[in-house]
Amino acid sequence: MSTTTTPGVRPLVLVVMDGVGTGTGDAYDAVAAAATPQLDRLRDTGIHLEVAAHGTHVGLSSDSDMGNSEVGHNTMGAGRIIPQGAKRVDDAVRGGEIWEGAWQDAVAAATADGSALHLIGLLSDGNVHSSWDHLMLLLDHAKSDGVTRLRLHTLFDGRDVEDRTADRFAARLEEALVERTDGTDLDWQIASGGGRMVTTMDRYEANWGVVEAGWRAHVQGEARPFESVSKAITTLREETPGISDQLLEAFTVVDADGEAVGPVRDGDAVIIFNFRGDRAIELTRAFVEGDGFAGFDRGTVPDIFFAGMTLYDGDTNMPPVRLVQPPTITDTVSEVIARSGMHQLAASETQKYGHMTYFWNGNRSDPFDAETETYIDIPSDQIEFDKAPRMKAAETADYVIKALEEGGYTFLRSNLAGGDMVGHTGNFEATITAVEAVDEAVGRIATAVEAAGGCLVVTADHGNSEDMVERDKQGQPRTSQDGTPLWKTAHSTNPVPLYVVDYSGHRWEPAEGVEAPGLSNLAATLLVLLDLEVPQDYRPALIAPA
Ligand SMILES: O=C(O)[C@@H](CO)OP(=O)(O)O
Ligand SMILES: [Mn+2]
Ligand SMILES: [Mn+2]
């Protein structure tokens, strides 16, 4: 039996099954297709609720927006619905603040003799990391503010939008450029690009080589040369039939003499237009950090004006200059728990480490109280995740189980990444394996929580693996030309399960009259389970003493 540092309080364990929502149970639901005896057991023994994890429930603009890890973990940790992502930028556009300050400085740099404005980001309308509309607005304002030389560095998605649409997005962008430059002497061009999982958008320092590939392509103009972005996409697809947009090799667009059309030079202005930080921060650091930068050998770093769309890391104040200021999220649930003196553990593999720490804590990397909080980062594999779909589920469970056996922690939270990361590959069979590994890990944790006389809460941050096919407007599965399913790599708008099983003898029942239960109700639920006071502005708990 474990001893906890807070007498009389049993350990509370939260497991976030990343990207494991509740689907229809049809032939494209990898969660239903997987054998999940452990989750079935939880559903039968404890409280089972379904909560919303998308759209306005997590602070996004509309209920057609799928959930994602950033907003999901922010919302779970904050206990409130905070305006998020695209919506934050939309508000700044509406109020006009976005075109003041940093934007004006970027324009000033870019319109000085011979200089250019570089826009780097994800070419997508998925609204998870970037917004198509924001990019168009940047182009409009660059034109009205007199930016004559503009270069775009485009990362292909295939993850938040239908896969194998990079060519369509590139064509749309080319059209948008023509619309704005036709009949003018504006020199605006696409200068480089690549698939987001191999170019630039690494996260949590899992693989700096990805950022280095982007740096060579966007900044130095030294990646594989192509005469145009469309030529790059066609050729790379011919070389690897069926390749996902996420994996398209980094490239540089060159002119007839083989010269890169848009490397970043001294005096230029660079803006990363992604609003989400986890996959934008590493390239940001490569631009703004001094000699201490250790990610990779940058060569000569151009002396430029740099701005990000918004703040990507609150603790390190990165980037120091941004177009839109971020929301401040205070009194998050782990801050409240830290104030009570209870000890906390956060464990996750690298791919979701910042989700369980930084996003969970309202965009703050450091513990609130280093004396009482421990963060464990379990290194993720550096291969495509459908090749090793069990990911680090077992290892993550090992840490939680060991911590429970040794005692000392009152609140232990962890993330199991497989349902989401493998779901993003669009590989249905591998996603089933990933979900089964998650199920086993949850089962082992449940056994340890029971042995410790604790309480277990299991939920998810958004859907993904439970809906693995692209659908038409009527919700019918779409197929490729050869009749095979058009596998989906993106998240979903489905609800997620919430299981509460208390092995300590406390008895709970679902709280009555909670309106539109969602992820924002989790924090109060946890505080009630810990017998701590719930801050007044939190959304209510979903359980009450029976
Ligand atoms: O991989 C990512 O960056 C996003 C999808 O774009 O997934 P998640 O929100 O689950 O981290
Ligand atoms: Mn997620
Ligand atoms: Mn995801």
# chains A, B, ... in the order shown; residues from 1 in each chain; ligands from 1
call {"tool": "closest_atom_pairs", "arguments": {"of": "chain A", "to": "ligand 3", "cutoff": "8 Å", "atoms": "only C-alpha atoms and all ligand atoms", "output": "Markdown table"}}
result
| residue | atom | partner | partner_atom_place_in_ligand_line | distance |
| --- | --- | --- | --- | --- |
| A:Asp18 | CA | ligand 3 | 1 (Mn) | 7.5 |
| A:Gly19 | CA | ligand 3 | 1 (Mn) | 6.4 |
| A:Asn68 | CA | ligand 3 | 1 (Mn) | 6.2 |
| A:Ser69 | CA | ligand 3 | 1 (Mn) | 6.2 |
| A:Asp420 | CA | ligand 3 | 1 (Mn) | 4.9 |
| A:Met421 | CA | ligand 3 | 1 (Mn) | 5.9 |
| A:Gly423 | CA | ligand 3 | 1 (Mn) | 7.8 |
| A:His424 | CA | ligand 3 | 1 (Mn) | 6.5 |
| A:Asn464 | CA | ligand 3 | 1 (Mn) | 7.3 |
| A:Ala490 | CA | ligand 3 | 1 (Mn) | 7.2 |
| A:His491 | CA | ligand 3 | 1 (Mn) | 6.3 |
call {"tool": "write_last_selection", "arguments": {"atoms": "N, CA, C and O atoms", "output": "PDB file, in the first residue's frame"}}
result
ATOM      1  N   ASP A  18      -4.224   9.882 -25.790  1.00  0.00           N
ATOM      2  CA  ASP A  18      -4.213  10.908 -26.830  1.00  0.00           C
ATOM      3  C   ASP A  18      -4.914  10.397 -28.098  1.00  0.00           C
ATOM      4  O   ASP A  18      -4.587   9.327 -28.602  1.00  0.00           O
ATOM      5  N   GLY A  19      -5.876  11.177 -28.585  1.00  0.00           N
ATOM      6  CA  GLY A  19      -6.508  10.841 -29.866  1.00  0.00           C
ATOM      7  C   GLY A  19      -7.378   9.591 -29.844  1.00  0.00           C
ATOM      8  O   GLY A  19      -7.533   8.944 -30.868  1.00  0.00           O
ATOM      9  N   ASN A  68      -7.688  19.437 -30.820  1.00  0.00           N
ATOM     10  CA  ASN A  68      -6.282  19.080 -30.977  1.00  0.00           C
ATOM     11  C   ASN A  68      -5.611  19.075 -29.619  1.00  0.00           C
ATOM     12  O   ASN A  68      -6.226  19.436 -28.609  1.00  0.00           O
ATOM     13  N   SER A  69      -4.375  18.654 -29.593  1.00  0.00           N
ATOM     14  CA  SER A  69      -3.706  18.445 -28.303  1.00  0.00           C
ATOM     15  C   SER A  69      -3.495  19.736 -27.540  1.00  0.00           C
ATOM     16  O   SER A  69      -3.621  19.772 -26.316  1.00  0.00           O
ATOM     17  N   ASP A 420      -3.236   8.680 -31.140  1.00  0.00           N
ATOM     18  CA  ASP A 420      -3.116   9.877 -31.961  1.00  0.00           C
ATOM     19  C   ASP A 420      -1.989   9.787 -32.981  1.00  0.00           C
ATOM     20  O   ASP A 420      -2.208   9.999 -34.171  1.00  0.00           O
ATOM     21  N   MET A 421      -0.786   9.486 -32.512  1.00  0.00           N
ATOM     22  CA  MET A 421       0.365   9.561 -33.422  1.00  0.00           C
ATOM     23  C   MET A 421       0.270   8.514 -34.529  1.00  0.00           C
ATOM     24  O   MET A 421       0.651   8.760 -35.669  1.00  0.00           O
ATOM     25  N   GLY A 423      -2.641   7.125 -35.437  1.00  0.00           N
ATOM     26  CA  GLY A 423      -3.815   7.554 -36.201  1.00  0.00           C
ATOM     27  C   GLY A 423      -3.439   8.537 -37.303  1.00  0.00           C
ATOM     28  O   GLY A 423      -3.982   8.491 -38.408  1.00  0.00           O
ATOM     29  N   HIS A 424      -2.487   9.399 -37.037  1.00  0.00           N
ATOM     30  CA  HIS A 424      -2.055  10.396 -38.037  1.00  0.00           C
ATOM     31  C   HIS A 424      -1.373   9.774 -39.254  1.00  0.00           C
ATOM     32  O   HIS A 424      -1.162  10.454 -40.248  1.00  0.00           O
ATOM     33  N   ASN A 464      -9.381  10.825 -32.886  1.00  0.00           N
ATOM     34  CA  ASN A 464      -8.555  10.609 -34.066  1.00  0.00           C
ATOM     35  C   ASN A 464      -8.720   9.147 -34.499  1.00  0.00           C
ATOM     36  O   ASN A 464      -9.330   8.866 -35.525  1.00  0.00           O
ATOM     37  N   ALA A 490      -6.305  12.908 -39.976  1.00  0.00           N
ATOM     38  CA  ALA A 490      -6.545  14.054 -39.092  1.00  0.00           C
ATOM     39  C   ALA A 490      -7.306  13.658 -37.824  1.00  0.00           C
ATOM     40  O   ALA A 490      -7.778  12.531 -37.678  1.00  0.00           O
ATOM     41  N   HIS A 491      -7.433  14.609 -36.919  1.00  0.00           N
ATOM     42  CA  HIS A 491      -8.267  14.446 -35.724  1.00  0.00           C
ATOM     43  C   HIS A 491      -9.744  14.449 -36.131  1.00  0.00           C
ATOM     44  O   HIS A 491     -10.067  14.642 -37.297  1.00  0.00           O
TER      45      HIS A 491
END
call {"tool": "select_by_dssp", "arguments": {"residues": "range 214-407 of chain A", "states": "strand (DSSP E)", "output": "PyMOL selection string"}}
result
chain A and resi 224-226+251-253+269-272+305-308+344-349+373-378
call {"tool": "write_last_selection", "arguments": {"atoms": "N, CA, C and O atoms", "output": "mmCIF file, in the first residue's frame"}}
result
data_model
loop_
_atom_site.group_PDB
_atom_site.id
_atom_site.type_symbol
_atom_site.label_atom_id
_atom_site.label_comp_id
_atom_site.auth_asym_id
_atom_site.auth_seq_id
_atom_site.Cartn_x
_atom_site.Cartn_y
_atom_site.Cartn_z
ATOM 1 N N ARG A 224 17.277 20.111 -52.016
ATOM 2 C CA ARG A 224 17.151 19.590 -53.383
ATOM 3 C C ARG A 224 16.466 20.633 -54.273
ATOM 4 O O ARG A 224 15.395 21.143 -53.938
ATOM 5 N N PRO A 225 17.081 20.965 -55.420
ATOM 6 C CA PRO A 225 16.551 22.059 -56.240
ATOM 7 C C PRO A 225 15.431 21.621 -57.191
ATOM 8 O O PRO A 225 15.498 20.548 -57.781
ATOM 9 N N PHE A 226 14.415 22.459 -57.303
ATOM 10 C CA PHE A 226 13.334 22.253 -58.286
ATOM 11 C C PHE A 226 12.993 23.603 -58.902
ATOM 12 O O PHE A 226 13.154 24.639 -58.257
ATOM 13 N N PHE A 251 12.754 20.941 -50.117
ATOM 14 C CA PHE A 251 13.295 21.367 -51.411
ATOM 15 C C PHE A 251 13.431 22.887 -51.453
ATOM 16 O O PHE A 251 12.836 23.608 -50.640
ATOM 17 N N THR A 252 14.227 23.337 -52.409
ATOM 18 C CA THR A 252 14.409 24.766 -52.646
ATOM 19 C C THR A 252 14.041 25.056 -54.096
ATOM 20 O O THR A 252 14.373 24.266 -54.982
ATOM 21 N N VAL A 253 13.339 26.142 -54.324
ATOM 22 C CA VAL A 253 13.005 26.535 -55.695
ATOM 23 C C VAL A 253 14.194 27.349 -56.248
ATOM 24 O O VAL A 253 14.690 28.265 -55.577
ATOM 25 N N ALA A 269 13.140 40.392 -43.365
ATOM 26 C CA ALA A 269 12.211 40.144 -42.256
ATOM 27 C C ALA A 269 11.642 38.744 -42.434
ATOM 28 O O ALA A 269 11.331 38.337 -43.553
ATOM 29 N N VAL A 270 11.555 38.005 -41.338
ATOM 30 C CA VAL A 270 11.025 36.643 -41.368
ATOM 31 C C VAL A 270 9.859 36.554 -40.393
ATOM 32 O O VAL A 270 9.984 36.946 -39.232
ATOM 33 N N ILE A 271 8.729 36.036 -40.875
ATOM 34 C CA ILE A 271 7.579 35.796 -39.994
ATOM 35 C C ILE A 271 7.182 34.334 -40.104
ATOM 36 O O ILE A 271 6.994 33.818 -41.211
ATOM 37 N N ILE A 272 7.090 33.657 -38.976
ATOM 38 C CA ILE A 272 6.473 32.328 -38.965
ATOM 39 C C ILE A 272 4.993 32.557 -38.704
ATOM 40 O O ILE A 272 4.632 33.165 -37.692
ATOM 41 N N PHE A 305 15.127 40.660 -39.087
ATOM 42 C CA PHE A 305 14.040 40.968 -38.143
ATOM 43 C C PHE A 305 13.151 39.724 -38.090
ATOM 44 O O PHE A 305 12.691 39.243 -39.124
ATOM 45 N N PHE A 306 12.893 39.203 -36.889
ATOM 46 C CA PHE A 306 12.089 37.982 -36.775
ATOM 47 C C PHE A 306 10.863 38.199 -35.906
ATOM 48 O O PHE A 306 10.945 38.790 -34.822
ATOM 49 N N ALA A 307 9.737 37.699 -36.367
ATOM 50 C CA ALA A 307 8.530 37.687 -35.528
ATOM 51 C C ALA A 307 7.785 36.375 -35.729
ATOM 52 O O ALA A 307 7.793 35.789 -36.815
ATOM 53 N N GLY A 308 7.165 35.910 -34.667
ATOM 54 C CA GLY A 308 6.262 34.757 -34.764
ATOM 55 C C GLY A 308 4.833 35.268 -34.795
ATOM 56 O O GLY A 308 4.573 36.432 -34.464
ATOM 57 N N GLN A 344 3.092 15.968 -7.181
ATOM 58 C CA GLN A 344 2.554 15.634 -8.500
ATOM 59 C C GLN A 344 3.621 15.029 -9.402
ATOM 60 O O GLN A 344 4.776 15.450 -9.381
ATOM 61 N N LEU A 345 3.188 14.079 -10.219
ATOM 62 C CA LEU A 345 4.060 13.478 -11.225
ATOM 63 C C LEU A 345 3.409 13.667 -12.599
ATOM 64 O O LEU A 345 2.201 13.474 -12.739
ATOM 65 N N ALA A 346 4.213 14.045 -13.604
ATOM 66 C CA ALA A 346 3.724 14.069 -14.991
ATOM 67 C C ALA A 346 4.667 13.192 -15.800
ATOM 68 O O ALA A 346 5.880 13.403 -15.772
ATOM 69 N N ALA A 347 4.117 12.197 -16.492
ATOM 70 C CA ALA A 347 4.968 11.300 -17.282
ATOM 71 C C ALA A 347 4.385 11.148 -18.677
ATOM 72 O O ALA A 347 3.192 10.904 -18.842
ATOM 73 N N SER A 348 5.254 11.288 -19.677
ATOM 74 C CA SER A 348 4.807 11.114 -21.059
ATOM 75 C C SER A 348 6.010 10.840 -21.935
ATOM 76 O O SER A 348 7.124 11.236 -21.604
ATOM 77 N N GLU A 349 5.774 10.198 -23.072
ATOM 78 C CA GLU A 349 6.879 10.110 -24.025
ATOM 79 C C GLU A 349 7.026 11.457 -24.731
ATOM 80 O O GLU A 349 6.118 12.305 -24.703
ATOM 81 N N GLU A 373 6.946 18.677 -7.575
ATOM 82 C CA GLU A 373 6.520 18.195 -8.890
ATOM 83 C C GLU A 373 7.672 17.530 -9.633
ATOM 84 O O GLU A 373 8.769 18.074 -9.675
ATOM 85 N N THR A 374 7.386 16.384 -10.245
ATOM 86 C CA THR A 374 8.391 15.679 -11.046
ATOM 87 C C THR A 374 7.850 15.493 -12.450
ATOM 88 O O THR A 374 6.704 15.075 -12.626
ATOM 89 N N TYR A 375 8.680 15.822 -13.448
ATOM 90 C CA TYR A 375 8.292 15.619 -14.844
ATOM 91 C C TYR A 375 9.199 14.547 -15.456
ATOM 92 O O TYR A 375 10.417 14.639 -15.350
ATOM 93 N N ILE A 376 8.587 13.571 -16.102
ATOM 94 C CA ILE A 376 9.358 12.489 -16.734
ATOM 95 C C ILE A 376 9.118 12.520 -18.238
ATOM 96 O O ILE A 376 7.983 12.459 -18.694
ATOM 97 N N ASP A 377 10.211 12.597 -18.999
ATOM 98 C CA ASP A 377 10.144 12.593 -20.467
ATOM 99 C C ASP A 377 10.753 11.280 -20.956
ATOM 100 O O ASP A 377 11.951 11.059 -20.818
ATOM 101 N N ILE A 378 9.928 10.415 -21.525
ATOM 102 C CA ILE A 378 10.393 9.113 -22.011
ATOM 103 C C ILE A 378 10.679 9.258 -23.506
ATOM 104 O O ILE A 378 9.750 9.560 -24.277
#
call {"tool": "residues_near_ligand", "arguments": {"ligand": "ligand 1", "cutoff": "10 Å", "atoms": "only C-alpha atoms and all ligand atoms", "output": "number ranges by chain"}}
result
A: 18-19, 66-73, 122, 126-130, 157-161, 196-197, 201-203, 276-280, 351-352, 354-355, 417, 419-421, 423-424, 461-464, 489-491
call {"tool": "residues_around", "arguments": {"residues": "Phe385 in chain A", "least_positions_apart": "4", "cutoff": "10 Å", "atoms": "only C-alpha atoms", "output": "PyMOL selection string"}}
result
chain A and resi 380-381+389-391+418+420-425+427+430-431+434
call {"tool": "atom_distance", "arguments": {"atom1": "CA of Leu123 in chain A", "atom2": "CA of Gln246 in chain A"}}
result
11.2 Å
call {"tool": "closest_residue", "arguments": {"among": "A:Val107, A:Met356, A:Ile432, A:Ile120", "to": "ligand 2", "atoms": "only C-alpha atoms and all ligand atoms"}}
result
A:Met356
call {"tool": "closest_residue", "arguments": {"among": "A:Ala86, A:Leu155, A:Val9, A:Leu486", "to": "Gly214 in chain A", "atoms": "only C-alpha atoms"}}
result
A:Leu155
call {"tool": "closest_residue", "arguments": {"among": "A:Leu416, A:Val15, A:Ala213, A:Val469", "to": "ligand 2", "atoms": "only C-alpha atoms and all ligand atoms"}}
result
A:Leu416
